[in-house]
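Chemist: If it helps, the file is called model_36.pdb and holds PDB, C-alpha atoms:
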```
MODEL        1
ATOM      1  CA  MET A   1     133.090 149.662 273.846
ATOM      2  CA  ASP A   2     129.792 151.432 273.459
ATOM      3  CA  LYS A   3     126.986 150.405 271.101
ATOM      4  CA  ARG A   4     125.824 154.002 270.729
ATOM      5  CA  PHE A   5     128.992 154.867 268.829
ATOM      6  CA  MET A   6     128.524 151.961 266.418
ATOM      7  CA  GLU A   7     124.941 153.149 265.921
ATOM      8  CA  MET A   8     126.279 156.574 264.960
ATOM      9  CA  ALA A   9     128.740 154.971 262.525
ATOM     10  CA  CYS A  10     125.803 153.085 260.975
ATOM     11  CA  GLU A  11     123.758 156.292 260.725
ATOM     12  CA  GLU A  12     126.642 157.929 258.848
ATOM     13  CA  ALA A  13     126.781 154.948 256.473
ATOM     14  CA  TYR A  14     123.000 154.931 255.885
ATOM     15  CA  LYS A  15     123.168 158.634 255.034
ATOM     16  CA  GLY A  16     125.892 157.858 252.471
ATOM     17  CA  ILE A  17     124.130 154.989 250.725
ATOM     18  CA  LYS A  18     120.851 156.899 250.651
ATOM     19  CA  ASP A  19     122.562 159.712 248.749
ATOM     20  CA  GLY A  20     124.639 157.360 246.532
ATOM     21  CA  ASP A  21     127.903 158.739 247.936
ATOM     22  CA  GLY A  22     129.636 155.337 248.001
ATOM     23  CA  GLY A  23     129.696 152.002 249.844
ATOM     24  CA  PRO A  24     127.984 151.196 253.190
ATOM     25  CA  PHE A  25     130.832 152.443 255.320
ATOM     26  CA  GLY A  26     130.673 154.985 258.124
ATOM     27  CA  ALA A  27     132.994 155.767 261.021
ATOM     28  CA  VAL A  28     133.039 157.723 264.258
ATOM     29  CA  ILE A  29     136.120 158.738 266.277
ATOM     30  CA  VAL A  30     135.877 158.953 270.055
ATOM     31  CA  LEU A  31     138.307 160.555 272.485
ATOM     32  CA  ASN A  32     137.695 160.433 276.231
ATOM     33  CA  GLY A  33     134.100 159.341 275.658
ATOM     34  CA  LYS A  34     133.309 162.179 273.246
ATOM     35  CA  VAL A  35     132.843 162.052 269.474
ATOM     36  CA  ILE A  36     135.531 164.239 267.883
ATOM     37  CA  GLY A  37     134.926 163.321 264.252
ATOM     38  CA  SER A  38     132.813 161.276 261.856
ATOM     39  CA  GLY A  39     132.449 160.525 258.184
ATOM     40  CA  HIS A  40     131.255 158.114 255.542
ATOM     41  CA  ASN A  41     132.462 156.747 252.224
ATOM     42  CA  THR A  42     132.235 159.290 249.386
ATOM     43  CA  VAL A  43     134.306 157.517 246.698
ATOM     44  CA  ILE A  44     131.524 157.807 244.104
ATOM     45  CA  LYS A  45     130.369 161.309 245.018
ATOM     46  CA  ASP A  46     133.862 162.829 245.212
ATOM     47  CA  LYS A  47     135.386 160.639 242.463
ATOM     48  CA  ASP A  48     138.163 159.998 244.994
ATOM     49  CA  PRO A  49     139.253 156.392 245.689
ATOM     50  CA  THR A  50     140.826 157.431 249.009
ATOM     51  CA  MET A  51     137.605 158.750 250.562
ATOM     52  CA  HIS A  52     136.665 155.744 252.662
ATOM     53  CA  GLY A  53     134.641 156.200 255.843
ATOM     54  CA  GLU A  54     137.638 155.923 258.169
ATOM     55  CA  ILE A  55     139.740 158.377 256.125
ATOM     56  CA  ALA A  56     136.825 160.837 256.084
ATOM     57  CA  ALA A  57     136.401 160.496 259.869
ATOM     58  CA  ILE A  58     140.146 160.873 260.552
ATOM     59  CA  ARG A  59     140.364 163.993 258.392
ATOM     60  CA  ASN A  60     137.285 165.421 260.088
ATOM     61  CA  ALA A  61     138.614 164.710 263.599
ATOM     62  CA  CYS A  62     142.073 166.138 262.800
ATOM     63  CA  LYS A  63     140.444 169.287 261.484
ATOM     64  CA  ASN A  64     138.258 169.551 264.586
ATOM     65  CA  ILE A  65     141.085 169.144 267.088
ATOM     66  CA  LYS A  66     143.667 170.901 264.871
ATOM     67  CA  SER A  67     146.237 168.109 265.065
ATOM     68  CA  PHE A  68     147.643 165.357 262.829
ATOM     69  CA  SER A  69     147.677 163.050 265.852
ATOM     70  CA  LEU A  70     144.558 161.504 267.404
ATOM     71  CA  GLU A  71     146.544 159.796 270.169
ATOM     72  CA  GLY A  72     144.348 157.973 272.659
ATOM     73  CA  ALA A  73     141.319 157.984 270.355
ATOM     74  CA  GLU A  74     139.199 154.994 269.321
ATOM     75  CA  ILE A  75     137.424 154.458 266.016
ATOM     76  CA  TYR A  76     134.082 152.733 265.466
ATOM     77  CA  THR A  77     133.606 151.645 261.871
ATOM     78  CA  THR A  78     130.873 149.648 260.152
ATOM     79  CA  ALA A  79     133.427 147.313 258.532
ATOM     80  CA  GLU A  80     136.931 146.031 259.155
ATOM     81  CA  PRO A  81     139.325 148.679 257.840
ATOM     82  CA  CYS A  82     141.007 147.914 254.507
ATOM     83  CA  PRO A  83     144.834 148.135 254.431
ATOM     84  CA  MET A  84     144.661 151.790 253.348
ATOM     85  CA  CYS A  85     142.418 152.715 256.266
ATOM     86  CA  LEU A  86     144.297 150.607 258.807
ATOM     87  CA  GLY A  87     147.460 152.375 257.669
ATOM     88  CA  ALA A  88     145.748 155.752 258.110
ATOM     89  CA  ILE A  89     144.546 154.698 261.585
ATOM     90  CA  LEU A  90     148.125 153.816 262.575
ATOM     91  CA  TRP A  91     149.534 157.097 261.217
ATOM     92  CA  ALA A  92     146.822 158.949 263.157
ATOM     93  CA  ASP A  93     147.982 157.204 266.390
ATOM     94  CA  ILE A  94     144.518 155.728 266.996
ATOM     95  CA  SER A  95     144.949 152.895 269.473
ATOM     96  CA  ARG A  96     141.718 150.932 269.206
ATOM     97  CA  VAL A  97     139.443 149.884 266.317
ATOM     98  CA  TYR A  98     135.926 148.467 266.742
ATOM     99  CA  TYR A  99     134.537 147.168 263.463
ATOM    100  CA  GLY A 100     131.166 145.628 262.603
ATOM    101  CA  CYS A 101     131.404 143.493 259.463
ATOM    102  CA  ASN A 102     134.639 141.660 258.756
ATOM    103  CA  ARG A 103     136.672 141.533 255.519
ATOM    104  CA  HIS A 104     134.822 138.412 254.331
ATOM    105  CA  ASP A 105     131.439 140.089 254.800
ATOM    106  CA  THR A 106     132.786 143.012 252.782
ATOM    107  CA  GLU A 107     134.062 140.685 250.059
ATOM    108  CA  SER A 108     130.634 139.087 249.851
ATOM    109  CA  ILE A 109     129.073 142.440 248.897
ATOM    110  CA  GLY A 110     131.629 143.020 246.125
ATOM    111  CA  PHE A 111     134.563 144.916 247.643
ATOM    112  CA  ARG A 112     138.268 144.093 247.255
ATOM    113  CA  ASP A 113     139.544 144.630 250.826
ATOM    114  CA  ASN A 114     140.351 140.961 251.374
ATOM    115  CA  ALA A 115     142.174 140.653 248.045
ATOM    116  CA  PHE A 116     144.254 143.723 248.900
ATOM    117  CA  TYR A 117     145.214 142.253 252.293
ATOM    118  CA  ASN A 118     146.561 139.236 250.439
ATOM    119  CA  ILE A 119     148.632 141.433 248.106
ATOM    120  CA  ILE A 120     150.020 143.578 250.916
ATOM    121  CA  GLY A 121     150.807 140.602 253.164
ATOM    122  CA  ASN A 122     152.680 138.804 250.387
ATOM    123  CA  ASP A 123     154.863 139.678 247.421
ATOM    124  CA  GLN A 124     154.167 143.200 246.325
ATOM    125  CA  THR A 125     154.595 142.354 242.686
ATOM    126  CA  ILE A 126     153.324 145.694 241.447
ATOM    127  CA  CYS A 127     156.205 147.558 243.179
ATOM    128  CA  GLN A 128     159.749 147.951 241.885
ATOM    129  CA  GLU A 129     162.766 149.852 243.264
ATOM    130  CA  PHE A 130     164.080 152.453 240.793
ATOM    131  CA  ASP A 131     166.620 155.304 240.955
ATOM    132  CA  ARG A 132     167.215 154.885 244.705
ATOM    133  CA  GLU A 133     170.424 156.982 244.677
ATOM    134  CA  LYS A 134     168.605 160.145 243.650
ATOM    135  CA  CYS A 135     166.038 159.659 246.380
ATOM    136  CA  LEU A 136     168.700 158.968 249.032
ATOM    137  CA  GLU A 137     170.140 162.423 248.229
ATOM    138  CA  LEU A 138     166.678 163.838 248.953
ATOM    139  CA  PHE A 139     166.540 161.958 252.274
ATOM    140  CA  ASN A 140     170.001 163.320 253.196
ATOM    141  CA  GLN A 141     168.847 166.837 252.435
ATOM    142  CA  TYR A 142     165.791 166.316 254.664
ATOM    143  CA  MET A 143     167.960 165.110 257.564
ATOM    144  CA  LYS A 144     170.023 168.322 257.427
ATOM    145  CA  ASN A 145     167.033 170.318 258.661
ATOM    146  CA  LYS A 146     167.309 170.196 262.435
ATOM    147  CA  ASP A 147     163.884 171.814 262.922
ATOM    148  CA  ARG A 148     161.981 169.066 261.127
ATOM    149  CA  LYS A 149     158.880 167.781 262.928
ATOM    150  CA  SER A 150     158.243 164.067 263.484
ATOM    151  CA  TYR A 151     154.947 162.370 262.788
TER     152      TYR A 151
ATOM    153  CA  MET B   1     160.467 153.245 233.425
ATOM    154  CA  ASP B   2     161.647 156.796 232.870
ATOM    155  CA  LYS B   3     164.098 158.706 235.075
ATOM    156  CA  ARG B   4     162.494 162.026 234.180
ATOM    157  CA  PHE B   5     159.355 161.066 236.095
ATOM    158  CA  MET B   6     161.366 160.153 239.191
ATOM    159  CA  GLU B   7     163.126 163.509 238.875
ATOM    160  CA  MET B   8     159.720 165.226 238.899
ATOM    161  CA  ALA B   9     158.706 163.234 241.991
ATOM    162  CA  CYS B  10     161.936 164.389 243.665
ATOM    163  CA  GLU B  11     161.249 168.017 242.686
ATOM    164  CA  GLU B  12     157.801 167.750 244.311
ATOM    165  CA  ALA B  13     159.428 166.379 247.474
ATOM    166  CA  TYR B  14     162.129 169.079 247.579
ATOM    167  CA  LYS B  15     159.417 171.739 247.286
ATOM    168  CA  GLY B  16     157.638 170.162 250.262
ATOM    169  CA  ILE B  17     160.630 169.930 252.566
ATOM    170  CA  LYS B  18     161.760 173.460 251.673
ATOM    171  CA  ASP B  19     158.374 174.791 252.814
ATOM    172  CA  GLY B  20     158.156 172.481 255.872
ATOM    173  CA  ASP B  21     155.023 170.792 254.516
ATOM    174  CA  GLY B  22     156.044 167.302 255.700
ATOM    175  CA  GLY B  23     158.471 164.444 254.984
ATOM    176  CA  PRO B  24     160.651 164.020 251.855
ATOM    177  CA  PHE B  25     157.993 162.302 249.811
ATOM    178  CA  GLY B  26     156.740 163.268 246.371
ATOM    179  CA  ALA B  27     154.877 161.359 243.677
ATOM    180  CA  VAL B  28     153.928 161.670 240.028
ATOM    181  CA  ILE B  29     151.238 159.679 238.194
ATOM    182  CA  VAL B  30     151.730 158.826 234.524
ATOM    183  CA  LEU B  31     149.166 157.544 232.043
ATOM    184  CA  ASN B  32     150.150 156.734 228.455
ATOM    185  CA  GLY B  33     153.445 158.588 228.891
ATOM    186  CA  LYS B  34     151.824 161.766 230.217
ATOM    187  CA  VAL B  35     151.793 163.139 233.761
ATOM    188  CA  ILE B  36     148.180 163.297 234.928
ATOM    189  CA  GLY B  37     148.797 164.207 238.570
ATOM    190  CA  SER B  38     151.411 164.964 241.187
ATOM    191  CA  GLY B  39     151.741 165.820 244.853
ATOM    192  CA  HIS B  40     153.912 165.792 247.932
ATOM    193  CA  ASN B  41     153.546 165.067 251.617
ATOM    194  CA  THR B  42     151.661 167.811 253.506
ATOM    195  CA  VAL B  43     150.998 166.047 256.834
ATOM    196  CA  ILE B  44     152.528 168.896 258.868
ATOM    197  CA  LYS B  45     151.145 171.776 256.798
ATOM    198  CA  ASP B  46     147.598 170.389 256.570
ATOM    199  CA  LYS B  47     147.608 168.718 260.016
ATOM    200  CA  ASP B  48     146.313 165.657 258.159
ATOM    201  CA  PRO B  49     148.015 162.276 258.736
ATOM    202  CA  THR B  50     146.576 160.917 255.464
ATOM    203  CA  MET B  51     148.236 163.491 253.212
ATOM    204  CA  HIS B  52     151.193 161.430 252.032
ATOM    205  CA  GLY B  53     152.758 162.139 248.637
ATOM    206  CA  GLU B  54     151.038 159.226 246.901
ATOM    207  CA  ILE B  55     147.606 160.101 248.321
ATOM    208  CA  ALA B  56     148.074 163.728 247.263
ATOM    209  CA  ALA B  57     149.073 162.639 243.743
ATOM    210  CA  ILE B  58     146.167 160.178 243.436
ATOM    211  CA  ARG B  59     143.655 162.790 244.569
ATOM    212  CA  ASN B  60     145.152 165.303 242.144
ATOM    213  CA  ALA B  61     145.083 162.860 239.199
ATOM    214  CA  CYS B  62     141.499 161.750 239.942
ATOM    215  CA  LYS B  63     140.416 165.378 240.046
ATOM    216  CA  ASN B  64     142.214 166.072 236.752
ATOM    217  CA  ILE B  65     140.721 163.137 234.865
ATOM    218  CA  LYS B  66     137.389 163.268 236.743
ATOM    219  CA  SER B  67     137.408 159.581 237.714
ATOM    220  CA  PHE B  68     137.943 157.473 240.825
ATOM    221  CA  SER B  69     139.842 154.956 238.685
ATOM    222  CA  LEU B  70     143.341 155.529 237.314
ATOM    223  CA  GLU B  71     143.382 152.217 235.470
ATOM    224  CA  GLY B  72     146.501 151.688 233.390
ATOM    225  CA  ALA B  73     148.443 154.422 235.202
ATOM    226  CA  GLU B  74     151.883 154.146 236.828
ATOM    227  CA  ILE B  75     153.124 155.981 239.894
ATOM    228  CA  TYR B  76     156.668 157.224 240.536
ATOM    229  CA  THR B  77     157.296 157.907 244.206
ATOM    230  CA  THR B  78     160.429 158.922 246.115
ATOM    231  CA  ALA B  79     159.923 156.119 248.652
ATOM    232  CA  GLU B  80     158.289 152.706 248.876
ATOM    233  CA  PRO B  81     154.599 153.289 249.604
ATOM    234  CA  CYS B  82     153.484 152.675 253.202
ATOM    235  CA  PRO B  83     150.522 150.275 253.668
ATOM    236  CA  MET B  84     148.077 153.199 253.557
ATOM    237  CA  CYS B  85     149.444 154.426 250.247
ATOM    238  CA  LEU B  86     149.800 150.969 248.715
ATOM    239  CA  GLY B  87     146.156 150.393 249.641
ATOM    240  CA  ALA B  88     145.195 153.683 247.981
ATOM    241  CA  ILE B  89     147.205 152.717 244.871
ATOM    242  CA  LEU B  90     145.301 149.422 244.653
ATOM    243  CA  TRP B  91     141.900 151.105 245.117
ATOM    244  CA  ALA B  92     142.881 153.574 242.373
ATOM    245  CA  ASP B  93     143.594 150.641 239.996
ATOM    246  CA  ILE B  94     147.201 151.775 239.447
ATOM    247  CA  SER B  95     149.078 148.814 238.021
ATOM    248  CA  ARG B  96     152.746 149.740 238.481
ATOM    249  CA  VAL B  97     154.743 151.442 241.246
ATOM    250  CA  TYR B  98     158.321 152.717 240.857
ATOM    251  CA  TYR B  99     159.804 153.788 244.178
ATOM    252  CA  GLY B 100     163.203 155.266 245.063
ATOM    253  CA  CYS B 101     164.077 154.623 248.709
ATOM    254  CA  ASN B 102     162.852 151.413 250.329
ATOM    255  CA  ARG B 103     161.058 150.949 253.664
ATOM    256  CA  HIS B 104     164.346 150.455 255.523
ATOM    257  CA  ASP B 105     165.762 153.717 254.156
ATOM    258  CA  THR B 106     162.572 155.409 255.324
ATOM    259  CA  GLU B 107     162.853 153.811 258.764
ATOM    260  CA  SER B 108     166.426 155.088 259.037
ATOM    261  CA  ILE B 109     165.192 158.697 258.741
ATOM    262  CA  GLY B 110     162.601 158.220 261.497
ATOM    263  CA  PHE B 111     159.378 157.063 259.829
ATOM    264  CA  ARG B 112     157.167 154.140 260.889
ATOM    265  CA  ASP B 113     156.302 152.559 257.507
ATOM    266  CA  ASN B 114     158.234 149.367 258.212
ATOM    267  CA  ALA B 115     156.706 148.950 261.679
ATOM    268  CA  PHE B 116     153.222 149.377 260.190
ATOM    269  CA  TYR B 117     153.915 146.711 257.550
ATOM    270  CA  ASN B 118     154.731 144.323 260.391
ATOM    271  CA  ILE B 119     151.455 145.133 262.179
ATOM    272  CA  ILE B 120     149.338 144.795 259.029
ATOM    273  CA  GLY B 121     151.032 141.574 257.929
ATOM    274  CA  ASN B 122     150.528 139.962 261.338
ATOM    275  CA  ASP B 123     147.984 140.002 264.129
ATOM    276  CA  GLN B 124     146.003 143.172 264.003
ATOM    277  CA  THR B 125     145.821 143.412 267.753
ATOM    278  CA  ILE B 126     144.341 146.896 267.729
ATOM    279  CA  CYS B 127     141.205 145.684 265.863
ATOM    280  CA  GLN B 128     138.197 143.975 267.400
ATOM    281  CA  GLU B 129     134.894 142.823 265.872
ATOM    282  CA  PHE B 130     131.885 144.427 267.581
ATOM    283  CA  ASP B 131     128.134 144.618 266.895
ATOM    284  CA  ARG B 132     128.439 142.782 263.556
ATOM    285  CA  GLU B 133     124.691 142.060 263.345
ATOM    286  CA  LYS B 134     123.767 145.734 263.124
ATOM    287  CA  CYS B 135     126.299 146.293 260.365
ATOM    288  CA  LEU B 136     125.137 143.239 258.409
ATOM    289  CA  GLU B 137     121.671 144.862 258.293
ATOM    290  CA  LEU B 138     123.345 147.908 256.759
ATOM    291  CA  PHE B 139     125.113 145.724 254.169
ATOM    292  CA  ASN B 140     121.787 144.048 253.317
ATOM    293  CA  GLN B 141     120.189 147.439 252.832
ATOM    294  CA  TYR B 142     123.028 148.440 250.497
ATOM    295  CA  MET B 143     122.596 145.291 248.398
ATOM    296  CA  LYS B 144     118.918 146.128 247.830
ATOM    297  CA  ASN B 145     119.929 149.099 245.677
ATOM    298  CA  LYS B 146     120.252 147.672 242.183
ATOM    299  CA  ASP B 147     121.721 150.937 240.819
ATOM    300  CA  ARG B 148     124.757 150.874 243.108
ATOM    301  CA  LYS B 149     128.103 151.555 241.406
ATOM    302  CA  SER B 150     131.115 149.293 241.931
ATOM    303  CA  TYR B 151     134.600 150.606 242.701
TER     304      TYR B 151
ENDMDL
END
```
Starting from the file, give its structure as structure tokens.

Modeler:
Amino acid sequence: MDKRFMEMACEEAYKGIKDGDGGPFGAVIVLNGKVIGSGHNTVIKDKDPTMHGEIAAIRNACKNIKSFSLEGAEIYTTAEPCPMCLGAILWADISRVYYGCNRHDTESIGFRDNAFYNIIGNDQTICQEFDREKCLELFNQYMKNKDRKSY
Amino acid sequence: MDKRFMEMACEEAYKGIKDGDGGPFGAVIVLNGKVIGSGHNTVIKDKDPTMHGEIAAIRNACKNIKSFSLEGAEIYTTAEPCPMCLGAILWADISRVYYGCNRHDTESIGFRDNAFYNIIGNDQTICQEFDREKCLELFNQYMKNKDRKSY
């Protein structure tokens, strides 16, 4: 836990809000005490709802170390990750998250993270199973490839 | 609900597994009966853990319609969205998800979606609040900008 890394995450976020890129969210990824990636929210600038600070930092770090796994890394982020970003953090094998503001702070400045946690933790009423048989055939085809890589 | 769109999502996924791009996951986004975006998993190819089929399709659709909101759209996806992708779907304002295989099917072919749902729905032991005061200053700065756009 190192305050310098949270300062860097804040600097990223300040850069983003100054330029109107998106919300006040920046992130820095640290492996063995060294920054391997950083990023800030660019949802507005890129017209891309997936470009949160953590996603930007993960993509940057993966590019820098040429791997889809950031095993052993930590992420410093200016706010508690939303479900999308926490999911991305888990897929990236990041083992530790330090966040500044929590989901209620984020709600109080107009963002939906907390509402989305409630949807994802409860009935996912927007989702419906459909045509499973066809997709199981696809899964079976995938399993026939013995050289497939896990992630 | 239209089987042709699930067929297109499957075609996307078959293309991806044939080329070794990633897992058997494809998605198609439909607005007013028309496909506005599509994509498949490229985690292996792009060395990017965030490039799931749904994320690829959302990014493609947003680029095509030049908006970070896909309000009113539906997504057809070969498997139940993981928490990352369901989060992205919510941020993109997609109101309906049709998925083929469910999270248990996906677990049975070696993916961690179900495990991640358990983490996100319960104690998020990998997350820890840290240096909140500094980040609240950042949030306050953001709120001073009266021209900020919501998303």

Chemist: Quick check: residues of chain A within 7 Å of chain B, all atoms listed in the file, returned as a PyMOL selection string.

Modeler: chain A and resi 10+17+24+43+47-50+59+62+66-68+78+83-88+91-92+95-101+116+121+126-132+135-136+138-139+142

Chemist: Could you check how far CA of Glu107 (chain A) sits from CA of Asn114 (chain B), in Å to one decimal?

Modeler: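 Interatomic distance, CA of Glu107 (chain A) to CA of Asn114 (chain B): 26.9 Å.
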
Chemist: Would you write out, as a list in words, every residue that the PyMOL selection byres ((chain A and resi 32) around 10) captures in this file?

Modeler: Val30, Leu31, Gly33, Lys34, Val35, Ile36, Gly72, Ala73 and Glu74 of chain A

Chemist: How far is it from CA of Ala57 (chain B) to CA of Thr42 (chain A), in Å with one decimal?

Modeler: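 Between these atoms lies a distance of 18.1 Å.
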
Chemist: One number please: CA of Ala27 (chain A) to CA of Gly39 (chain A), in Å, one decimal.

Modeler: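 Computing it gives 5.6 Å between the two atoms.
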